file run13.pdb (PDB, C-alpha atoms)
ATOM      1  CA  MET A   1     -71.902 128.564-157.461  1.00  0.00           C
ATOM      2  CA  LYS A   2     -73.154 125.833-155.134  1.00  0.00           C
ATOM      3  CA  ARG A   3     -75.238 128.353-153.162  1.00  0.00           C
ATOM      4  CA  ALA A   4     -76.760 129.698-156.371  1.00  0.00           C
ATOM      5  CA  LEU A   5     -77.709 126.173-157.418  1.00  0.00           C
ATOM      6  CA  GLU A   6     -79.246 125.474-154.016  1.00  0.00           C
ATOM      7  CA  ILE A   7     -81.209 128.707-154.205  1.00  0.00           C
ATOM      8  CA  ARG A   8     -82.430 127.813-157.701  1.00  0.00           C
ATOM      9  CA  ILE A   9     -83.511 124.364-156.581  1.00  0.00           C
ATOM     10  CA  LEU A  10     -85.259 125.780-153.527  1.00  0.00           C
ATOM     11  CA  GLY A  11     -86.953 128.450-155.561  1.00  0.00           C
ATOM     12  CA  LEU A  12     -88.138 125.933-158.120  1.00  0.00           C
ATOM     13  CA  ALA A  13     -89.574 123.819-155.357  1.00  0.00           C
ATOM     14  CA  LEU A  14     -91.339 126.840-153.890  1.00  0.00           C
ATOM     15  CA  LEU A  15     -92.721 127.910-157.240  1.00  0.00           C
ATOM     16  CA  SER A  16     -93.795 124.396-158.001  1.00  0.00           C
ATOM     17  CA  SER A  17     -95.617 124.184-154.711  1.00  0.00           C
ATOM     18  CA  LEU A  18     -97.388 127.485-155.342  1.00  0.00           C
ATOM     19  CA  PHE A  19     -98.316 126.265-158.801  1.00  0.00           C
ATOM     20  CA  VAL A  20     -99.635 123.003-157.372  1.00  0.00           C
ATOM     21  CA  LEU A  21    -101.615 124.882-154.737  1.00  0.00           C
ATOM     22  CA  ASN A  22    -103.165 127.040-157.437  1.00  0.00           C
ATOM     23  CA  LEU A  23    -103.960 123.996-159.567  1.00  0.00           C
ATOM     24  CA  SER A  24    -105.545 122.250-156.600  1.00  0.00           C
ATOM     25  CA  ALA A  25    -108.322 124.845-156.699  1.00  0.00           C
ATOM     26  CA  GLN A  26    -109.634 122.954-159.737  1.00  0.00           C
ATOM     27  CA  GLY A  27    -111.072 120.289-157.479  1.00  0.00           C
ATOM     28  CA  GLY A  28    -110.591 116.633-156.738  1.00  0.00           C
ATOM     29  CA  PRO A  29    -110.293 114.724-153.480  1.00  0.00           C
ATOM     30  CA  GLY A  30    -108.535 116.668-150.770  1.00  0.00           C
ATOM     31  CA  ARG A  31    -108.151 119.707-152.986  1.00  0.00           C
ATOM     32  CA  GLY A  32    -109.589 123.185-153.112  1.00  0.00           C
ATOM     33  CA  PHE A  33    -106.975 125.467-151.536  1.00  0.00           C
ATOM     34  CA  GLN A  34    -105.929 128.535-153.464  1.00  0.00           C
ATOM     35  CA  MET A  35    -103.688 131.322-152.233  1.00  0.00           C
ATOM     36  CA  THR A  36    -105.370 134.685-151.821  1.00  0.00           C
ATOM     37  CA  GLU A  37    -103.979 138.171-151.414  1.00  0.00           C
ATOM     38  CA  GLU A  38    -104.756 137.891-147.702  1.00  0.00           C
ATOM     39  CA  ASP A  39    -102.726 134.672-147.488  1.00  0.00           C
ATOM     40  CA  ILE A  40     -99.811 136.445-149.154  1.00  0.00           C
ATOM     41  CA  LYS A  41    -100.068 139.408-146.777  1.00  0.00           C
ATOM     42  CA  GLU A  42    -100.166 137.089-143.752  1.00  0.00           C
ATOM     43  CA  ARG A  43     -97.131 135.167-144.975  1.00  0.00           C
ATOM     44  CA  VAL A  44     -95.180 138.397-145.581  1.00  0.00           C
ATOM     45  CA  GLU A  45     -96.146 139.593-142.102  1.00  0.00           C
ATOM     46  CA  SER A  46     -94.913 136.343-140.581  1.00  0.00           C
ATOM     47  CA  THR A  47     -91.702 136.515-142.607  1.00  0.00           C
ATOM     48  CA  ALA A  48     -91.185 140.154-141.606  1.00  0.00           C
ATOM     49  CA  ASN A  49     -91.532 139.240-137.943  1.00  0.00           C
ATOM     50  CA  SER A  50     -89.212 136.236-138.228  1.00  0.00           C
ATOM     51  CA  LEU A  51     -86.530 138.158-140.096  1.00  0.00           C
ATOM     52  CA  LYS A  52     -87.012 141.334-138.044  1.00  0.00           C
ATOM     53  CA  LEU A  53     -87.496 143.436-141.167  1.00  0.00           C
ATOM     54  CA  ASN A  54     -87.567 147.178-140.822  1.00  0.00           C
ATOM     55  CA  GLU A  55     -90.540 149.102-142.221  1.00  0.00           C
ATOM     56  CA  ASP A  56     -88.879 149.781-145.573  1.00  0.00           C
ATOM     57  CA  GLN A  57     -87.876 146.122-146.029  1.00  0.00           C
ATOM     58  CA  HIS A  58     -91.385 145.031-145.048  1.00  0.00           C
ATOM     59  CA  LYS A  59     -92.992 147.295-147.672  1.00  0.00           C
ATOM     60  CA  LYS A  60     -90.595 146.086-150.352  1.00  0.00           C
ATOM     61  CA  ALA A  61     -91.103 142.417-149.446  1.00  0.00           C
ATOM     62  CA  LEU A  62     -94.872 142.860-149.646  1.00  0.00           C
ATOM     63  CA  ALA A  63     -94.521 144.518-153.062  1.00  0.00           C
ATOM     64  CA  VAL A  64     -92.291 141.664-154.287  1.00  0.00           C
ATOM     65  CA  GLU A  65     -94.728 138.992-153.096  1.00  0.00           C
ATOM     66  CA  MET A  66     -97.790 140.765-154.468  1.00  0.00           C
ATOM     67  CA  ASP A  67     -96.077 141.180-157.837  1.00  0.00           C
ATOM     68  CA  PHE A  68     -95.158 137.489-157.797  1.00  0.00           C
ATOM     69  CA  TYR A  69     -98.715 136.546-156.794  1.00  0.00           C
ATOM     70  CA  ASN A  70    -100.175 138.631-159.616  1.00  0.00           C
ATOM     71  CA  LYS A  71     -97.813 137.087-162.164  1.00  0.00           C
ATOM     72  CA  MET A  72     -98.768 133.620-160.928  1.00  0.00           C
ATOM     73  CA  GLN A  73    -102.460 134.492-161.284  1.00  0.00           C
ATOM     74  CA  ILE A  74    -101.866 135.622-164.867  1.00  0.00           C
ATOM     75  CA  GLU A  75    -100.044 132.375-165.678  1.00  0.00           C
ATOM     76  CA  ARG A  76    -102.789 130.354-164.009  1.00  0.00           C
ATOM     77  CA  GLN A  77    -105.440 132.173-166.020  1.00  0.00           C
ATOM     78  CA  LYS A  78    -103.543 131.555-169.268  1.00  0.00           C
ATOM     79  CA  MET A  79    -103.389 127.886-168.395  1.00  0.00           C
ATOM     80  CA  MET A  80    -107.104 127.724-167.531  1.00  0.00           C
ATOM     81  CA  ASN A  81    -108.013 129.499-170.776  1.00  0.00           C
ATOM     82  CA  ALA A  82    -105.980 126.894-172.657  1.00  0.00           C
ATOM     83  CA  GLY A  83    -108.020 124.108-171.035  1.00  0.00           C
ATOM     84  CA  GLY A  84    -105.851 122.995-168.143  1.00  0.00           C
ATOM     85  CA  PRO A  85    -102.232 122.106-167.454  1.00  0.00           C
ATOM     86  CA  PRO A  86     -99.922 122.829-170.376  1.00  0.00           C
ATOM     87  CA  ALA A  87     -98.833 120.025-172.654  1.00  0.00           C
ATOM     88  CA  ASP A  88     -95.312 121.442-172.540  1.00  0.00           C
ATOM     89  CA  ARG A  89     -94.565 121.124-168.843  1.00  0.00           C
ATOM     90  CA  GLU A  90     -90.893 121.878-169.462  1.00  0.00           C
ATOM     91  CA  ALA A  91     -91.799 125.299-170.863  1.00  0.00           C
ATOM     92  CA  MET A  92     -93.997 125.989-167.815  1.00  0.00           C
ATOM     93  CA  ARG A  93     -91.208 124.868-165.493  1.00  0.00           C
ATOM     94  CA  GLU A  94     -88.767 127.196-167.232  1.00  0.00           C
ATOM     95  CA  LYS A  95     -91.227 130.085-166.914  1.00  0.00           C
ATOM     96  CA  MET A  96     -91.691 129.414-163.209  1.00  0.00           C
ATOM     97  CA  MET A  97     -87.949 129.143-162.634  1.00  0.00           C
ATOM     98  CA  GLN A  98     -87.499 132.509-164.329  1.00  0.00           C
ATOM     99  CA  MET A  99     -90.210 134.088-162.178  1.00  0.00           C
ATOM    100  CA  ARG A 100     -88.704 132.557-159.041  1.00  0.00           C
ATOM    101  CA  ASP A 101     -85.207 133.739-159.920  1.00  0.00           C
ATOM    102  CA  GLU A 102     -86.510 137.257-160.449  1.00  0.00           C
ATOM    103  CA  ARG A 103     -88.266 137.198-157.083  1.00  0.00           C
ATOM    104  CA  ASN A 104     -85.231 135.833-155.252  1.00  0.00           C
ATOM    105  CA  ALA A 105     -83.022 138.478-156.870  1.00  0.00           C
ATOM    106  CA  GLN A 106     -85.378 141.137-155.554  1.00  0.00           C
ATOM    107  CA  TYR A 107     -85.256 139.645-152.066  1.00  0.00           C
ATOM    108  CA  GLU A 108     -81.480 139.508-152.165  1.00  0.00           C
ATOM    109  CA  LYS A 109     -81.459 143.273-152.803  1.00  0.00           C
ATOM    110  CA  ILE A 110     -83.908 143.968-149.969  1.00  0.00           C
ATOM    111  CA  LEU A 111     -82.461 141.753-147.233  1.00  0.00           C
ATOM    112  CA  THR A 112     -79.115 141.749-145.482  1.00  0.00           C
ATOM    113  CA  PRO A 113     -76.967 138.675-146.197  1.00  0.00           C
ATOM    114  CA  ASP A 114     -77.924 137.157-142.827  1.00  0.00           C
ATOM    115  CA  GLN A 115     -81.613 137.838-143.389  1.00  0.00           C
ATOM    116  CA  TYR A 116     -81.433 136.374-146.878  1.00  0.00           C
ATOM    117  CA  LYS A 117     -79.829 133.179-145.563  1.00  0.00           C
ATOM    118  CA  GLN A 118     -82.535 132.919-142.922  1.00  0.00           C
ATOM    119  CA  PHE A 119     -85.166 133.581-145.608  1.00  0.00           C
ATOM    120  CA  ILE A 120     -83.814 130.693-147.697  1.00  0.00           C
ATOM    121  CA  ASP A 121     -83.724 128.445-144.622  1.00  0.00           C
ATOM    122  CA  MET A 122     -87.368 129.309-143.899  1.00  0.00           C
ATOM    123  CA  GLN A 123     -88.332 128.428-147.463  1.00  0.00           C
ATOM    124  CA  GLU A 124     -86.569 125.085-147.180  1.00  0.00           C
ATOM    125  CA  GLN A 125     -88.400 124.339-143.937  1.00  0.00           C
ATOM    126  CA  ARG A 126     -91.747 125.292-145.491  1.00  0.00           C
ATOM    127  CA  MET A 127     -91.040 122.989-148.436  1.00  0.00           C
ATOM    128  CA  ARG A 128     -90.163 120.083-146.137  1.00  0.00           C
ATOM    129  CA  GLU A 129     -93.415 120.593-144.232  1.00  0.00           C
ATOM    130  CA  MET A 130     -95.435 120.747-147.438  1.00  0.00           C
ATOM    131  CA  ARG A 131     -93.847 117.530-148.722  1.00  0.00           C
ATOM    132  CA  GLU A 132     -94.593 115.801-145.422  1.00  0.00           C
ATOM    133  CA  GLN A 133     -98.217 116.958-145.509  1.00  0.00           C
ATOM    134  CA  ARG A 134     -98.583 115.814-149.109  1.00  0.00           C
ATOM    135  CA  GLN A 135     -97.145 112.406-148.226  1.00  0.00           C
ATOM    136  CA  GLN A 136     -99.442 112.049-145.210  1.00  0.00           C
ATOM    137  CA  MET A 137    -102.502 112.953-147.267  1.00  0.00           C
ATOM    138  CA  ASN A 138    -101.624 110.661-150.146  1.00  0.00           C
ATOM    139  CA  PRO A 139     -98.661 108.400-149.354  1.00  0.00           C
ATOM    140  CA  GLU A 140     -98.914 106.486-152.639  1.00  0.00           C
ATOM    141  CA  GLY A 141     -99.363 109.448-154.996  1.00  0.00           C
ATOM    142  CA  GLU A 142    -102.296 110.147-157.320  1.00  0.00           C
ATOM    143  CA  GLY A 143    -104.418 107.158-158.187  1.00  0.00           C
ATOM    144  CA  GLY A 144    -102.384 104.831-155.998  1.00  0.00           C
ATOM    145  CA  GLU A 145     -99.478 104.976-158.411  1.00  0.00           C
ATOM    146  CA  GLU A 146     -96.050 105.833-157.200  1.00  0.00           C
ATOM    147  CA  ARG A 147     -94.573 108.860-158.959  1.00  0.00           C
ATOM    148  CA  PRO A 148     -90.982 108.835-160.117  1.00  0.00           C
ATOM    149  CA  ALA A 149     -88.554 111.105-158.317  1.00  0.00           C
ATOM    150  CA  ARG A 150     -88.127 114.414-160.127  1.00  0.00           C
ATOM    151  CA  GLY A 151     -85.346 116.276-158.445  1.00  0.00           C
ATOM    152  CA  ARG A 152     -84.094 116.906-154.954  1.00  0.00           C
ATOM    153  CA  GLY A 153     -86.465 115.962-152.184  1.00  0.00           C
ATOM    154  CA  ARG A 154     -89.251 114.813-154.459  1.00  0.00           C
ATOM    155  CA  GLY A 155     -90.704 111.430-154.675  1.00  0.00           C
TER     156      GLY A 155
END
call {"tool": "encode", "arguments": {"input": "run13.pdb", "output": "structure tokens"}}
result
Amino acid sequence: MKRALEIRILGLALLSSLFVLNLSAQGGPGRGFQMTEEDIKERVESTANSLKLNEDQHKKALAVEMDFYNKMQIERQKMMNAGGPPADREAMREKMMQMRDERNAQYEKILTPDQYKQFIDMQEQRMREMREQRQQMNPEGEGGEERPARGRGRG
């Protein structure tokens, strides 16, 4: 139960970061990065090397990530067509958690238990690095205002 909760929290953080990266393509100071299919392929390649995936696992992981990427693009487009970030952020968060849970469930089927644990550890490390970068770029938050903490590791 505790592991499932940790995985959910980690996944939410990962999805949130991908969502933020996609939103950052809209512009603003220090913004403009958007994931591409090539970025996804490079990340899967790096993950495959780190986890020592066999060819079959590598193909399946790439398919999972590309499917996730495409779903994220669809959600981003829906949001852009609606004029920007959704008014109901809770509904968007729930949607992203669902997408993340589906992706993690697929990974759990593809990877061995040891590989899956290492995969989760890698995600946690990536999230820590992203938080540190975000804090270095803008230590006081948007507009100089401090944002309230919203969950584990956020602030």
call {"tool": "resolve_selection", "arguments": {"input": "run13.pdb", "expression": "the PyMOL selection byres ((chain A and resi 99) around 10)", "output": "ChimeraX atom specification"}}
result
/A:11-12,15,68,71-72,93-98,100-105
call {"tool": "atom_distance", "arguments": {"input": "run13.pdb", "atom1": "atom CA of A:Gln118", "atom2": "atom CA of A:Leu51"}}
result
7.2 Å
call {"tool": "closest_residue", "arguments": {"input": "run13.pdb", "among": "A:Thr36, A:Gln57, A:Gln133, A:Gln77", "to": "A:Gln106", "atoms": "only C-alpha atoms"}}
result
A:Gln57
call {"tool": "resolve_selection", "arguments": {"input": "run13.pdb", "expression": "the PyMOL selection byres ((chain A and resi 37) around 12)", "output": "list in words"}}
result
Gln34, Met35, Thr36, Glu38, Asp39, Ile40, Lys41, Glu42, Arg43, Val44, Leu62, Ala63, Glu65, Met66, Asp67, Phe68, Tyr69, Asn70, Met72 and Gln73 of chain A
call {"tool": "write_last_selection", "arguments": {"input": "run13.pdb", "atoms": "C-alpha atoms", "output": "short mmCIF file (atom, residue, chain, number, x, y, z; two decimals), in the coordinates of the input"}}
result
data_model
loop_
_atom_site.label_atom_id
_atom_site.label_comp_id
_atom_site.auth_asym_id
_atom_site.auth_seq_id
_atom_site.Cartn_x
_atom_site.Cartn_y
_atom_site.Cartn_z
CA GLN A 34 -105.93 128.54 -153.46
CA MET A 35 -103.69 131.32 -152.23
CA THR A 36 -105.37 134.68 -151.82
CA GLU A 38 -104.76 137.89 -147.70
CA ASP A 39 -102.73 134.67 -147.49
CA ILE A 40 -99.81 136.44 -149.15
CA LYS A 41 -100.07 139.41 -146.78
CA GLU A 42 -100.17 137.09 -143.75
CA ARG A 43 -97.13 135.17 -144.98
CA VAL A 44 -95.18 138.40 -145.58
CA LEU A 62 -94.87 142.86 -149.65
CA ALA A 63 -94.52 144.52 -153.06
CA GLU A 65 -94.73 138.99 -153.10
CA MET A 66 -97.79 140.76 -154.47
CA ASP A 67 -96.08 141.18 -157.84
CA PHE A 68 -95.16 137.49 -157.80
CA TYR A 69 -98.72 136.55 -156.79
CA ASN A 70 -100.18 138.63 -159.62
CA MET A 72 -98.77 133.62 -160.93
CA GLN A 73 -102.46 134.49 -161.28
#
call {"tool": "atom_distance", "arguments": {"input": "run13.pdb", "atom1": "atom CA of A:Ala61", "atom2": "atom CA of A:Glu45"}}
result
9.3 Å
call {"tool": "atom_distance", "arguments": {"input": "run13.pdb", "atom1": "atom CA of A:Asp114", "atom2": "atom CA of A:Met127"}}
result
20.1 Å
call {"tool": "closest_residue", "arguments": {"input": "run13.pdb", "among": "A:Gly83, A:Arg89, A:Lys52, A:Glu108", "to": "A:Ile120", "atoms": "all atoms listed in the file"}}
result
A:Glu108
call {"tool": "closest_residue", "arguments": {"input": "run13.pdb", "among": "A:Asp121, A:Glu132, A:Ile110, A:Met79", "to": "A:Glu55", "atoms": "all atoms listed in the file"}}
result
A:Ile110
call {"tool": "closest_residue", "arguments": {"input": "run13.pdb", "among": "A:Gln135, A:Gln115, A:Met92, A:Asn54", "to": "A:Glu75", "atoms": "only C-alpha atoms"}}
result
A:Met92
call {"tool": "build_atoms", "arguments": {"input": "run13.pdb", "residues": "stretch 41-54 of chain A", "atoms": "N, CA and C atoms", "output": "compact mmCIF listing (two decimals), keeping the file's coordinate frame"}}
result
# COMPACT_ATOMS: atom_id res chain seq x y z
N LYS A 41 -100.35 138.36 -147.77
CA LYS A 41 -100.07 139.41 -146.78
C LYS A 41 -99.72 138.79 -145.42
N GLU A 42 -100.45 137.75 -145.03
CA GLU A 42 -100.17 137.09 -143.75
C GLU A 42 -98.79 136.43 -143.77
N ARG A 43 -98.43 135.81 -144.89
CA ARG A 43 -97.13 135.17 -144.98
C ARG A 43 -96.02 136.20 -144.92
N VAL A 44 -96.19 137.34 -145.61
CA VAL A 44 -95.18 138.40 -145.58
C VAL A 44 -95.06 138.95 -144.16
N GLU A 45 -96.17 139.10 -143.48
CA GLU A 45 -96.15 139.59 -142.10
C GLU A 45 -95.37 138.64 -141.20
N SER A 46 -95.63 137.35 -141.36
CA SER A 46 -94.91 136.34 -140.58
C SER A 46 -93.42 136.36 -140.90
N THR A 47 -93.10 136.45 -142.18
CA THR A 47 -91.70 136.51 -142.61
C THR A 47 -91.04 137.77 -142.05
N ALA A 48 -91.74 138.89 -142.11
CA ALA A 48 -91.18 140.15 -141.61
C ALA A 48 -90.87 140.05 -140.12
N ASN A 49 -91.77 139.41 -139.38
CA ASN A 49 -91.53 139.24 -137.94
C ASN A 49 -90.36 138.31 -137.68
N SER A 50 -90.29 137.20 -138.42
CA SER A 50 -89.21 136.24 -138.23
C SER A 50 -87.85 136.81 -138.57
N LEU A 51 -87.81 137.60 -139.64
CA LEU A 51 -86.53 138.16 -140.10
C LEU A 51 -86.22 139.52 -139.47
N LYS A 52 -87.17 140.02 -138.68
CA LYS A 52 -87.01 141.33 -138.04
C LYS A 52 -86.75 142.42 -139.10
N LEU A 53 -87.63 142.45 -140.10
CA LEU A 53 -87.50 143.44 -141.17
C LEU A 53 -87.87 144.82 -140.65
N ASN A 54 -87.17 145.82 -141.15
CA ASN A 54 -87.57 147.18 -140.82
C ASN A 54 -88.76 147.55 -141.72
